[in-house]
file my_file.pdb (PDB, C-alpha atoms)
ATOM      1  CA  MET A   3       0.000   0.000   0.000  1.00  0.00           C
ATOM      2  CA  LYS A   4       1.296   3.444  -0.944  1.00  0.00           C
ATOM      3  CA  ILE A   5      -0.002   6.928  -0.177  1.00  0.00           C
ATOM      4  CA  ILE A   6       0.557   9.228  -3.144  1.00  0.00           C
ATOM      5  CA  PRO A   7      -0.458  12.877  -2.683  1.00  0.00           C
ATOM      6  CA  THR A   8      -0.371  15.468  -5.457  1.00  0.00           C
ATOM      7  CA  PRO A   9       2.916  17.460  -5.610  1.00  0.00           C
ATOM      8  CA  ASN A  10       3.550  20.084  -2.918  1.00  0.00           C
ATOM      9  CA  PHE A  11       0.797  18.716  -0.671  1.00  0.00           C
ATOM     10  CA  ALA A  12       2.962  18.930   2.453  1.00  0.00           C
ATOM     11  CA  ASP A  13       3.988  22.527   1.604  1.00  0.00           C
ATOM     12  CA  PHE A  14       0.328  23.443   1.089  1.00  0.00           C
ATOM     13  CA  LEU A  15      -0.495  22.177   4.581  1.00  0.00           C
ATOM     14  CA  LYS A  16       2.138  24.273   6.348  1.00  0.00           C
ATOM     15  CA  ASN A  17       0.448  26.240   9.161  1.00  0.00           C
ATOM     16  CA  LYS A  18      -2.954  24.873   8.127  1.00  0.00           C
ATOM     17  CA  TRP A  19      -5.403  22.626   9.911  1.00  0.00           C
ATOM     18  CA  LEU A  20      -6.348  19.374   8.221  1.00  0.00           C
ATOM     19  CA  LEU A  21      -9.766  18.092   9.243  1.00  0.00           C
ATOM     20  CA  LEU A  22     -10.197  14.320   8.952  1.00  0.00           C
ATOM     21  CA  ASP A  23     -13.530  12.763   7.971  1.00  0.00           C
ATOM     22  CA  THR A  24     -14.907   9.523   9.457  1.00  0.00           C
ATOM     23  CA  ASN A  25     -13.906   7.431   6.431  1.00  0.00           C
ATOM     24  CA  VAL A  26     -10.261   8.428   6.983  1.00  0.00           C
ATOM     25  CA  PHE A  27     -10.305   6.951  10.501  1.00  0.00           C
ATOM     26  CA  ARG A  28     -12.005   3.788   9.209  1.00  0.00           C
ATOM     27  CA  ASP A  29      -9.249   3.455   6.605  1.00  0.00           C
ATOM     28  CA  ILE A  30      -6.528   4.126   9.195  1.00  0.00           C
ATOM     29  CA  SER A  31      -7.830   1.127  11.141  1.00  0.00           C
ATOM     30  CA  CYS A  32      -7.181  -1.100   8.094  1.00  0.00           C
ATOM     31  CA  ASN A  33      -3.634   0.162   7.471  1.00  0.00           C
ATOM     32  CA  PRO A  34      -2.464   1.884  10.652  1.00  0.00           C
ATOM     33  CA  THR A  35       1.284   1.744   9.998  1.00  0.00           C
ATOM     34  CA  VAL A  36       1.273   3.391   6.558  1.00  0.00           C
ATOM     35  CA  PHE A  37      -1.318   6.027   7.503  1.00  0.00           C
ATOM     36  CA  THR A  38       0.423   6.855  10.767  1.00  0.00           C
ATOM     37  CA  GLU A  39       3.729   7.424   8.934  1.00  0.00           C
ATOM     38  CA  PHE A  40       1.909   9.674   6.464  1.00  0.00           C
ATOM     39  CA  PHE A  41       0.271  11.756   9.188  1.00  0.00           C
ATOM     40  CA  ILE A  42       3.532  12.055  11.124  1.00  0.00           C
ATOM     41  CA  SER A  43       5.130  13.481   7.952  1.00  0.00           C
ATOM     42  CA  LEU A  44       2.289  15.999   7.570  1.00  0.00           C
ATOM     43  CA  LYS A  45       2.688  17.117  11.170  1.00  0.00           C
ATOM     44  CA  LYS A  46       6.424  17.543  10.591  1.00  0.00           C
ATOM     45  CA  ALA A  47       5.538  19.739   7.620  1.00  0.00           C
ATOM     46  CA  GLY A  48       3.604  22.042   9.938  1.00  0.00           C
ATOM     47  CA  ALA A  49       0.036  20.744   9.650  1.00  0.00           C
ATOM     48  CA  THR A  50      -2.334  20.529  12.592  1.00  0.00           C
ATOM     49  CA  LEU A  51      -4.506  17.416  12.452  1.00  0.00           C
ATOM     50  CA  ALA A  52      -8.056  17.812  13.702  1.00  0.00           C
ATOM     51  CA  THR A  53     -11.604  16.585  13.486  1.00  0.00           C
ATOM     52  CA  VAL A  54     -15.039  17.468  14.887  1.00  0.00           C
ATOM     53  CA  GLU A  55     -17.156  15.743  17.538  1.00  0.00           C
ATOM     54  CA  ALA A  56     -19.668  14.611  14.873  1.00  0.00           C
ATOM     55  CA  VAL A  57     -16.946  12.478  13.243  1.00  0.00           C
ATOM     56  CA  LYS A  58     -16.189  10.886  16.619  1.00  0.00           C
ATOM     57  CA  PHE A  59     -19.899  10.195  17.175  1.00  0.00           C
ATOM     58  CA  GLU A  60     -20.159   8.588  13.735  1.00  0.00           C
ATOM     59  CA  LEU A  61     -17.136   6.377  14.297  1.00  0.00           C
ATOM     60  CA  MET A  62     -17.919   5.423  17.886  1.00  0.00           C
ATOM     61  CA  LYS A  63     -21.586   4.511  17.438  1.00  0.00           C
ATOM     62  CA  GLY A  64     -22.271   0.810  17.101  1.00  0.00           C
ATOM     63  CA  SER A  65     -19.446  -0.258  19.415  1.00  0.00           C
ATOM     64  CA  ALA A  66     -20.606  -3.569  20.867  1.00  0.00           C
ATOM     65  CA  THR A  67     -18.341  -3.538  23.914  1.00  0.00           C
ATOM     66  CA  PRO A  68     -16.752  -0.911  26.169  1.00  0.00           C
ATOM     67  CA  GLU A  69     -13.312  -1.971  24.819  1.00  0.00           C
ATOM     68  CA  LYS A  70     -14.359  -1.282  21.217  1.00  0.00           C
ATOM     69  CA  TYR A  71     -15.803   2.087  22.237  1.00  0.00           C
ATOM     70  CA  LYS A  72     -12.598   2.971  24.100  1.00  0.00           C
ATOM     71  CA  GLU A  73     -10.248   1.936  21.282  1.00  0.00           C
ATOM     72  CA  LYS A  74     -12.231   3.921  18.701  1.00  0.00           C
ATOM     73  CA  LYS A  75     -11.825   6.961  20.921  1.00  0.00           C
ATOM     74  CA  ASN A  76      -8.106   6.168  21.358  1.00  0.00           C
ATOM     75  CA  LEU A  77      -7.667   5.898  17.591  1.00  0.00           C
ATOM     76  CA  VAL A  78      -9.101   9.367  16.949  1.00  0.00           C
ATOM     77  CA  ASP A  79      -7.471  11.041  19.946  1.00  0.00           C
ATOM     78  CA  GLY A  80      -4.142   9.402  19.119  1.00  0.00           C
ATOM     79  CA  ILE A  81      -4.070  10.861  15.613  1.00  0.00           C
ATOM     80  CA  VAL A  82      -5.508  14.367  15.981  1.00  0.00           C
ATOM     81  CA  ASP A  83      -4.012  17.340  17.787  1.00  0.00           C
ATOM     82  CA  ASN A  84      -7.402  18.827  18.518  1.00  0.00           C
ATOM     83  CA  VAL A  85     -11.151  18.332  18.201  1.00  0.00           C
ATOM     84  CA  LEU A  86     -12.355  21.625  16.766  1.00  0.00           C
ATOM     85  CA  PRO A  87     -15.226  22.900  18.919  1.00  0.00           C
ATOM     86  CA  TYR A  88     -18.518  24.197  17.544  1.00  0.00           C
ATOM     87  CA  THR A  89     -19.293  27.858  18.005  1.00  0.00           C
ATOM     88  CA  PRO A  90     -22.603  29.706  17.452  1.00  0.00           C
ATOM     89  CA  LYS A  91     -21.176  30.650  14.032  1.00  0.00           C
ATOM     90  CA  THR A  92     -20.911  26.943  13.115  1.00  0.00           C
ATOM     91  CA  THR A  93     -24.682  26.607  13.385  1.00  0.00           C
ATOM     92  CA  ILE A  94     -25.217  29.669  11.189  1.00  0.00           C
ATOM     93  CA  SER A  95     -22.745  28.277   8.665  1.00  0.00           C
ATOM     94  CA  VAL A  96     -24.643  24.957   8.544  1.00  0.00           C
ATOM     95  CA  TYR A  97     -27.875  26.838   7.732  1.00  0.00           C
ATOM     96  CA  ASP A  98     -26.000  28.821   5.059  1.00  0.00           C
ATOM     97  CA  LEU A  99     -24.571  25.653   3.538  1.00  0.00           C
ATOM     98  CA  ILE A 100     -27.987  23.958   3.465  1.00  0.00           C
ATOM     99  CA  GLN A 101     -29.195  26.879   1.346  1.00  0.00           C
ATOM    100  CA  MET A 102     -26.084  26.876  -0.858  1.00  0.00           C
ATOM    101  CA  PHE A 103     -26.281  23.120  -1.525  1.00  0.00           C
ATOM    102  CA  GLY A 104     -29.946  23.229  -2.470  1.00  0.00           C
ATOM    103  CA  ILE A 105     -31.066  19.891  -3.949  1.00  0.00           C
ATOM    104  CA  ASP A 106     -27.471  18.592  -3.836  1.00  0.00           C
ATOM    105  CA  GLY A 107     -27.705  18.662  -0.051  1.00  0.00           C
ATOM    106  CA  THR A 108     -30.326  15.896  -0.022  1.00  0.00           C
ATOM    107  CA  ALA A 109     -27.732  13.128   0.137  1.00  0.00           C
ATOM    108  CA  LEU A 110     -25.481  14.799   2.691  1.00  0.00           C
ATOM    109  CA  ASP A 111     -25.472  13.735   6.298  1.00  0.00           C
ATOM    110  CA  LEU A 112     -25.161  16.112   9.214  1.00  0.00           C
ATOM    111  CA  THR A 113     -21.465  15.361   9.733  1.00  0.00           C
ATOM    112  CA  ASP A 114     -20.704  16.544   6.175  1.00  0.00           C
ATOM    113  CA  PHE A 115     -22.555  19.801   6.815  1.00  0.00           C
ATOM    114  CA  ILE A 116     -20.675  20.350  10.070  1.00  0.00           C
ATOM    115  CA  LEU A 117     -17.303  19.684   8.407  1.00  0.00           C
ATOM    116  CA  GLY A 118     -18.318  21.996   5.559  1.00  0.00           C
ATOM    117  CA  ALA A 119     -19.373  24.654   8.075  1.00  0.00           C
ATOM    118  CA  MET A 120     -15.917  24.499   9.685  1.00  0.00           C
ATOM    119  CA  LEU A 121     -14.327  25.035   6.255  1.00  0.00           C
ATOM    120  CA  LYS A 122     -16.613  28.018   5.687  1.00  0.00           C
ATOM    121  CA  GLN A 123     -15.924  29.422   9.141  1.00  0.00           C
ATOM    122  CA  TYR A 124     -12.117  29.250   9.066  1.00  0.00           C
ATOM    123  CA  GLY A 125     -11.482  29.846   5.341  1.00  0.00           C
ATOM    124  CA  GLN A 126      -7.973  29.408   3.969  1.00  0.00           C
ATOM    125  CA  LYS A 127      -6.497  28.291   7.289  1.00  0.00           C
ATOM    126  CA  ILE A 128      -8.256  24.934   7.175  1.00  0.00           C
ATOM    127  CA  CYS A 129      -8.938  22.069   4.773  1.00  0.00           C
ATOM    128  CA  LEU A 130     -10.682  18.718   4.816  1.00  0.00           C
ATOM    129  CA  MET A 131      -9.513  15.237   3.857  1.00  0.00           C
ATOM    130  CA  THR A 132     -12.379  12.953   2.854  1.00  0.00           C
ATOM    131  CA  ARG A 133     -13.110   9.926   0.678  1.00  0.00           C
ATOM    132  CA  ASP A 134     -16.709  11.205   0.165  1.00  0.00           C
ATOM    133  CA  ILE A 135     -15.659  12.839  -3.079  1.00  0.00           C
ATOM    134  CA  SER A 136     -19.190  13.245  -4.411  1.00  0.00           C
ATOM    135  CA  ASP A 137     -20.514  15.160  -1.381  1.00  0.00           C
ATOM    136  CA  PHE A 138     -18.245  18.208  -1.370  1.00  0.00           C
ATOM    137  CA  ILE A 139     -19.360  19.792  -4.629  1.00  0.00           C
ATOM    138  CA  GLN A 140     -16.919  22.001  -6.432  1.00  0.00           C
ATOM    139  CA  THR A 141     -19.322  24.906  -6.866  1.00  0.00           C
ATOM    140  CA  ILE A 142     -18.965  25.469  -3.115  1.00  0.00           C
ATOM    141  CA  PHE A 143     -15.606  23.886  -2.263  1.00  0.00           C
ATOM    142  CA  ASP A 144     -12.253  24.044  -4.041  1.00  0.00           C
ATOM    143  CA  LEU A 145     -10.545  20.713  -4.588  1.00  0.00           C
ATOM    144  CA  LYS A 146      -7.017  21.764  -3.657  1.00  0.00           C
ATOM    145  CA  HIS A 147      -5.225  18.415  -3.688  1.00  0.00           C
ATOM    146  CA  ILE A 148      -5.825  14.719  -4.250  1.00  0.00           C
ATOM    147  CA  VAL A 149      -4.365  11.889  -2.211  1.00  0.00           C
ATOM    148  CA  ASN A 150      -4.367   8.458  -3.844  1.00  0.00           C
ATOM    149  CA  VAL A 151      -3.907   5.343  -1.765  1.00  0.00           C
ATOM    150  CA  THR A 152      -3.058   2.210  -3.681  1.00  0.00           C
ATOM    151  CA  HIS A 153      -4.352  -1.126  -2.428  1.00  0.00           C
ATOM    152  CA  LYS A 154      -3.814  -4.668  -3.746  1.00  0.00           C
ATOM    153  CA  ASN A 155      -6.873  -4.518  -5.988  1.00  0.00           C
ATOM    154  CA  THR A 156      -8.077  -0.899  -5.931  1.00  0.00           C
ATOM    155  CA  ILE A 157      -7.161   2.735  -5.424  1.00  0.00           C
ATOM    156  CA  PHE A 158      -8.838   4.947  -2.833  1.00  0.00           C
ATOM    157  CA  THR A 159      -8.975   8.621  -3.683  1.00  0.00           C
ATOM    158  CA  TYR A 160      -9.254  11.322  -1.040  1.00  0.00           C
ATOM    159  CA  GLY A 161     -10.108  14.917  -1.820  1.00  0.00           C
ATOM    160  CA  ILE A 162      -8.513  17.830   0.008  1.00  0.00           C
ATOM    161  CA  TYR A 163     -11.096  20.598   0.059  1.00  0.00           C
ATOM    162  CA  GLN A 164     -11.282  24.227   1.093  1.00  0.00           C
ATOM    163  CA  PHE A 165     -14.243  26.553   1.092  1.00  0.00           C
ATOM    164  CA  LYS A 166     -14.367  28.782  -1.996  1.00  0.00           C
ATOM    165  CA  GLU A 167     -13.610  32.258  -0.689  1.00  0.00           C
ATOM    166  CA  THR A 168     -15.706  33.898  -3.409  1.00  0.00           C
ATOM    167  CA  LYS A 169     -18.740  31.816  -2.489  1.00  0.00           C
ATOM    168  CA  LYS A 170     -20.941  34.075  -0.371  1.00  0.00           C
ATOM    169  CA  LEU A 171     -24.569  33.596   0.460  1.00  0.00           C
ATOM    170  CA  GLU A 172     -26.518  36.741  -0.340  1.00  0.00           C
ATOM    171  CA  SER A 173     -28.980  36.417   2.479  1.00  0.00           C
ATOM    172  CA  SER A 174     -29.119  34.351   5.633  1.00  0.00           C
ATOM    173  CA  SER A 175     -32.561  35.655   6.502  1.00  0.00           C
ATOM    174  CA  ASP A 176     -33.982  32.140   6.860  1.00  0.00           C
ATOM    175  CA  THR A 177     -31.601  31.249   9.670  1.00  0.00           C
ATOM    176  CA  PRO A 178     -33.152  31.593  13.120  1.00  0.00           C
ATOM    177  CA  PHE A 179     -30.462  34.042  14.309  1.00  0.00           C
TER
ATOM    178  CA  MET B1199     -12.238  33.621  12.540  1.00  0.00           C
ATOM    179  CA  THR B1200      -9.119  32.527  14.380  1.00  0.00           C
ATOM    180  CA  LEU B1201      -8.429  28.878  15.040  1.00  0.00           C
ATOM    181  CA  PRO B1202      -7.586  27.909  18.617  1.00  0.00           C
ATOM    182  CA  LYS B1203      -3.915  27.578  19.517  1.00  0.00           C
ATOM    183  CA  VAL B1204      -2.969  23.955  20.098  1.00  0.00           C
ATOM    184  CA  LYS B1205       0.200  22.055  20.894  1.00  0.00           C
ATOM    185  CA  SER B1206       1.194  19.436  18.340  1.00  0.00           C
ATOM    186  CA  LYS B1207       0.919  15.939  19.810  1.00  0.00           C
ATOM    187  CA  THR B1208       3.279  13.075  19.048  1.00  0.00           C
ATOM    188  CA  ILE B1209       1.546  10.100  17.436  1.00  0.00           C
ATOM    189  CA  ASP B1210       2.187   6.930  19.418  1.00  0.00           C
ATOM    190  CA  VAL B1211       2.399   4.354  16.611  1.00  0.00           C
ATOM    191  CA  LYS B1212       2.090   1.333  18.935  1.00  0.00           C
ATOM    192  CA  LYS B1213      -1.037   2.760  20.549  1.00  0.00           C
ATOM    193  CA  ILE B1214      -2.579   3.423  17.121  1.00  0.00           C
ATOM    194  CA  ILE B1215      -1.814  -0.104  15.889  1.00  0.00           C
ATOM    195  CA  LYS B1216      -3.368  -1.598  19.050  1.00  0.00           C
ATOM    196  CA  ALA B1217      -6.496   0.574  18.707  1.00  0.00           C
ATOM    197  CA  ALA B1218      -6.742  -0.079  14.965  1.00  0.00           C
ATOM    198  CA  LYS B1219      -6.960  -3.842  15.478  1.00  0.00           C
ATOM    199  CA  VAL B1220      -9.975  -3.509  17.775  1.00  0.00           C
ATOM    200  CA  VAL B1221     -11.615  -0.824  15.576  1.00  0.00           C
ATOM    201  CA  ARG B1222     -11.227  -3.046  12.502  1.00  0.00           C
ATOM    202  CA  GLU B1223     -13.011  -5.915  14.273  1.00  0.00           C
ATOM    203  CA  SER B1224     -15.750  -3.572  15.443  1.00  0.00           C
ATOM    204  CA  ILE B1225     -16.333  -2.161  11.944  1.00  0.00           C
ATOM    205  CA  LYS B1226     -16.621  -5.701  10.510  1.00  0.00           C
ATOM    206  CA  GLU B1227     -19.134  -6.584  13.214  1.00  0.00           C
ATOM    207  CA  GLU B1228     -21.164  -3.417  12.505  1.00  0.00           C
ATOM    208  CA  ARG B1229     -21.237  -4.215   8.756  1.00  0.00           C
ATOM    209  CA  ILE B1230     -22.563  -7.729   9.465  1.00  0.00           C
ATOM    210  CA  TYR B1231     -25.195  -6.257  11.782  1.00  0.00           C
ATOM    211  CA  LEU B1232     -26.292  -3.757   9.099  1.00  0.00           C
ATOM    212  CA  ASP B1233     -26.383  -6.447   6.379  1.00  0.00           C
ATOM    213  CA  GLU B1234     -28.533  -8.725   8.540  1.00  0.00           C
ATOM    214  CA  ARG B1235     -30.839  -5.827   9.393  1.00  0.00           C
ATOM    215  CA  ARG B1236     -31.195  -4.883   5.715  1.00  0.00           C
ATOM    216  CA  PHE B1237     -31.887  -8.515   4.798  1.00  0.00           C
ATOM    217  CA  LYS B1238     -34.592  -8.785   7.462  1.00  0.00           C
ATOM    218  CA  ASN B1239     -36.231  -5.528   6.323  1.00  0.00           C
ATOM    219  CA  GLU B1240     -36.162  -6.535   2.653  1.00  0.00           C
ATOM    220  CA  ASN B1241     -37.838  -9.856   3.475  1.00  0.00           C
ATOM    221  CA  ASN B1242     -40.439  -8.382   5.749  1.00  0.00           C
ATOM    222  CA  SER B1243     -43.258  -8.120   3.179  1.00  0.00           C
ATOM    223  CA  TYR B1244     -46.696  -8.967   4.423  1.00  0.00           C
ATOM    224  CA  PRO B1245     -47.452 -12.612   3.561  1.00  0.00           C
ATOM    225  CA  GLN B1246     -50.120 -13.129   0.849  1.00  0.00           C
ATOM    226  CA  PHE B1247     -52.260 -15.458   2.962  1.00  0.00           C
ATOM    227  CA  CYS B1248     -52.563 -12.901   5.762  1.00  0.00           C
ATOM    228  CA  ARG B1249     -53.939 -10.121   3.584  1.00  0.00           C
ATOM    229  CA  LEU B1250     -57.465  -8.989   4.197  1.00  0.00           C
ATOM    230  CA  SER B1251     -59.653  -9.379   1.188  1.00  0.00           C
TER
END
call {"tool": "encode", "arguments": {"input": "my_file.pdb", "output": "structure tokens"}}
result
Amino acid sequence: MKIIPTPNFADFLKNKWLLLDTNVFRDISCNPTVFTEFFISLKKAGATLATVEAVKFELMKGSATPEKYKEKKNLVDGIVDNVLPYTPKTTISVYDLIQMFGIDGTALDLTDFILGAMLKQYGQKICLMTRDISDFIQTIFDLKHIVNVTHKNTIFTYGIYQFKETKKLESSSDTPF
Amino acid sequence: MTLPKVKSKTIDVKKIIKAAKVVRESIKEERIYLDERRFKNENNSYPQFCRLS
């Protein structure tokens, strides 16, 4: 298994936060050694690894025993530097994104909206790594880099997304704030 | 908005490998559970002989 990012990916991440989606943690559990090496190299390059509580909820639900619950938590906490907290602005950003996505938002789950809201909230200082490459549409998010991971019989592709700075919602009058 | 200031943590590879093994088992178990649930739901049509005429 090899992790092949697009050129200058590590430089791009310098002094930026990289949010990790649930599917990334699931994939880490299948190949912990290779992924861990990769994330250590990104941290050395100056990236801050993070996620949101919703990703932890998604990963930890369904744990049949206390040990499984605990180890899922250990996996996330062992990789990330921080769990980015929600602020009142996160909620407003989720409402904004729901309006921006329109019909394309039908298939999105709440975790995707929360991750997207974090990208909107923190702009160019943050990006997201996800294997859900059909959810983060490129009319709203810029696909900045691609990370390919080769497996014995397939290739997994991860998108590295940032919120499009030019994308502004004209009115947030439908939000309850 | 400004991101919070955080200290970079060192990744403990051994701890991650240990956790990953358990998480992998758990994910497999959850997939089996979901497959069985889907199968039960798909085969839960009301039997013909029970229908009211």
call {"tool": "interface_residues", "arguments": {"input": "my_file.pdb", "of": "chain B", "to": "chain A", "cutoff": "10 Å", "atoms": "all atoms listed in the file", "output": "MDAnalysis selection string"}}
result
chainID B and resid 1199:1225 1227:1229 1231
call {"tool": "atom_distance", "arguments": {"input": "my_file.pdb", "atom1": "atom CA of Leu117 of chain A", "atom2": "atom CA of Arg1235 of chain B"}}
result
28.9 Å
call {"tool": "resolve_selection", "arguments": {"input": "my_file.pdb", "expression": "the PyMOL selection byres ((chain A and resi 137) around 12)", "output": "count of residues only"}}
result
30
call {"tool": "residues_around", "arguments": {"input": "my_file.pdb", "residues": "Met120 of chain A", "least_positions_apart": "4", "cutoff": "8 Å", "atoms": "all atoms listed in the file", "output": "PyMOL selection string"}}
result
chain A and resi 92+95+116+124
call {"tool": "atom_distance", "arguments": {"input": "my_file.pdb", "atom1": "atom CA of Phe14 of chain A", "atom2": "atom CA of Glu60 of chain A"}}
result
28.3 Å
call {"tool": "atom_distance", "arguments": {"input": "my_file.pdb", "atom1": "atom CA of Leu22 of chain A", "atom2": "atom CA of Thr159 of chain A"}}
result
13.9 Å
call {"tool": "decode", "arguments": {"input": "my_file.pdb", "residues": "segment 1203-1218 of chain B", "atoms": "N, CA and C atoms", "output": "PDB file, in the first residue's frame"}}
result
ATOM      1  N   LYS B1203      -5.333  27.966  19.504  1.00  0.00           N
ATOM      2  CA  LYS B1203      -3.915  27.578  19.517  1.00  0.00           C
ATOM      3  C   LYS B1203      -3.800  26.213  20.185  1.00  0.00           C
ATOM      4  N   VAL B1204      -3.133  25.294  19.511  1.00  0.00           N
ATOM      5  CA  VAL B1204      -2.969  23.955  20.098  1.00  0.00           C
ATOM      6  C   VAL B1204      -1.514  23.514  19.992  1.00  0.00           C
ATOM      7  N   LYS B1205      -1.146  22.636  20.909  1.00  0.00           N
ATOM      8  CA  LYS B1205       0.200  22.055  20.894  1.00  0.00           C
ATOM      9  C   LYS B1205       0.153  20.807  20.032  1.00  0.00           C
ATOM     10  N   SER B1206       1.143  20.636  19.175  1.00  0.00           N
ATOM     11  CA  SER B1206       1.194  19.436  18.340  1.00  0.00           C
ATOM     12  C   SER B1206       1.501  18.215  19.213  1.00  0.00           C
ATOM     13  N   LYS B1207       0.713  17.158  19.014  1.00  0.00           N
ATOM     14  CA  LYS B1207       0.919  15.939  19.810  1.00  0.00           C
ATOM     15  C   LYS B1207       1.757  14.935  19.017  1.00  0.00           C
ATOM     16  N   THR B1208       2.519  14.129  19.729  1.00  0.00           N
ATOM     17  CA  THR B1208       3.279  13.075  19.048  1.00  0.00           C
ATOM     18  C   THR B1208       2.369  11.854  18.881  1.00  0.00           C
ATOM     19  N   ILE B1209       2.373  11.294  17.672  1.00  0.00           N
ATOM     20  CA  ILE B1209       1.546  10.100  17.436  1.00  0.00           C
ATOM     21  C   ILE B1209       2.282   8.876  17.961  1.00  0.00           C
ATOM     22  N   ASP B1210       1.627   8.155  18.861  1.00  0.00           N
ATOM     23  CA  ASP B1210       2.187   6.930  19.418  1.00  0.00           C
ATOM     24  C   ASP B1210       1.783   5.770  18.497  1.00  0.00           C
ATOM     25  N   VAL B1211       2.710   5.353  17.652  1.00  0.00           N
ATOM     26  CA  VAL B1211       2.399   4.354  16.611  1.00  0.00           C
ATOM     27  C   VAL B1211       1.877   3.051  17.224  1.00  0.00           C
ATOM     28  N   LYS B1212       2.514   2.599  18.298  1.00  0.00           N
ATOM     29  CA  LYS B1212       2.090   1.333  18.935  1.00  0.00           C
ATOM     30  C   LYS B1212       0.638   1.419  19.427  1.00  0.00           C
ATOM     31  N   LYS B1213       0.314   2.555  20.008  1.00  0.00           N
ATOM     32  CA  LYS B1213      -1.037   2.760  20.549  1.00  0.00           C
ATOM     33  C   LYS B1213      -2.069   2.752  19.397  1.00  0.00           C
ATOM     34  N   ILE B1214      -1.680   3.366  18.282  1.00  0.00           N
ATOM     35  CA  ILE B1214      -2.579   3.423  17.121  1.00  0.00           C
ATOM     36  C   ILE B1214      -2.789   2.024  16.546  1.00  0.00           C
ATOM     37  N   ILE B1215      -1.705   1.260  16.442  1.00  0.00           N
ATOM     38  CA  ILE B1215      -1.814  -0.104  15.889  1.00  0.00           C
ATOM     39  C   ILE B1215      -2.711  -0.970  16.785  1.00  0.00           C
ATOM     40  N   LYS B1216      -2.547  -0.823  18.097  1.00  0.00           N
ATOM     41  CA  LYS B1216      -3.368  -1.598  19.050  1.00  0.00           C
ATOM     42  C   LYS B1216      -4.852  -1.210  18.904  1.00  0.00           C
ATOM     43  N   ALA B1217      -5.115   0.102  18.842  1.00  0.00           N
ATOM     44  CA  ALA B1217      -6.496   0.574  18.707  1.00  0.00           C
ATOM     45  C   ALA B1217      -7.082   0.135  17.369  1.00  0.00           C
ATOM     46  N   ALA B1218      -6.261   0.238  16.316  1.00  0.00           N
ATOM     47  CA  ALA B1218      -6.742  -0.079  14.965  1.00  0.00           C
ATOM     48  C   ALA B1218      -7.252  -1.512  14.866  1.00  0.00           C
TER      49      ALA B1218
END
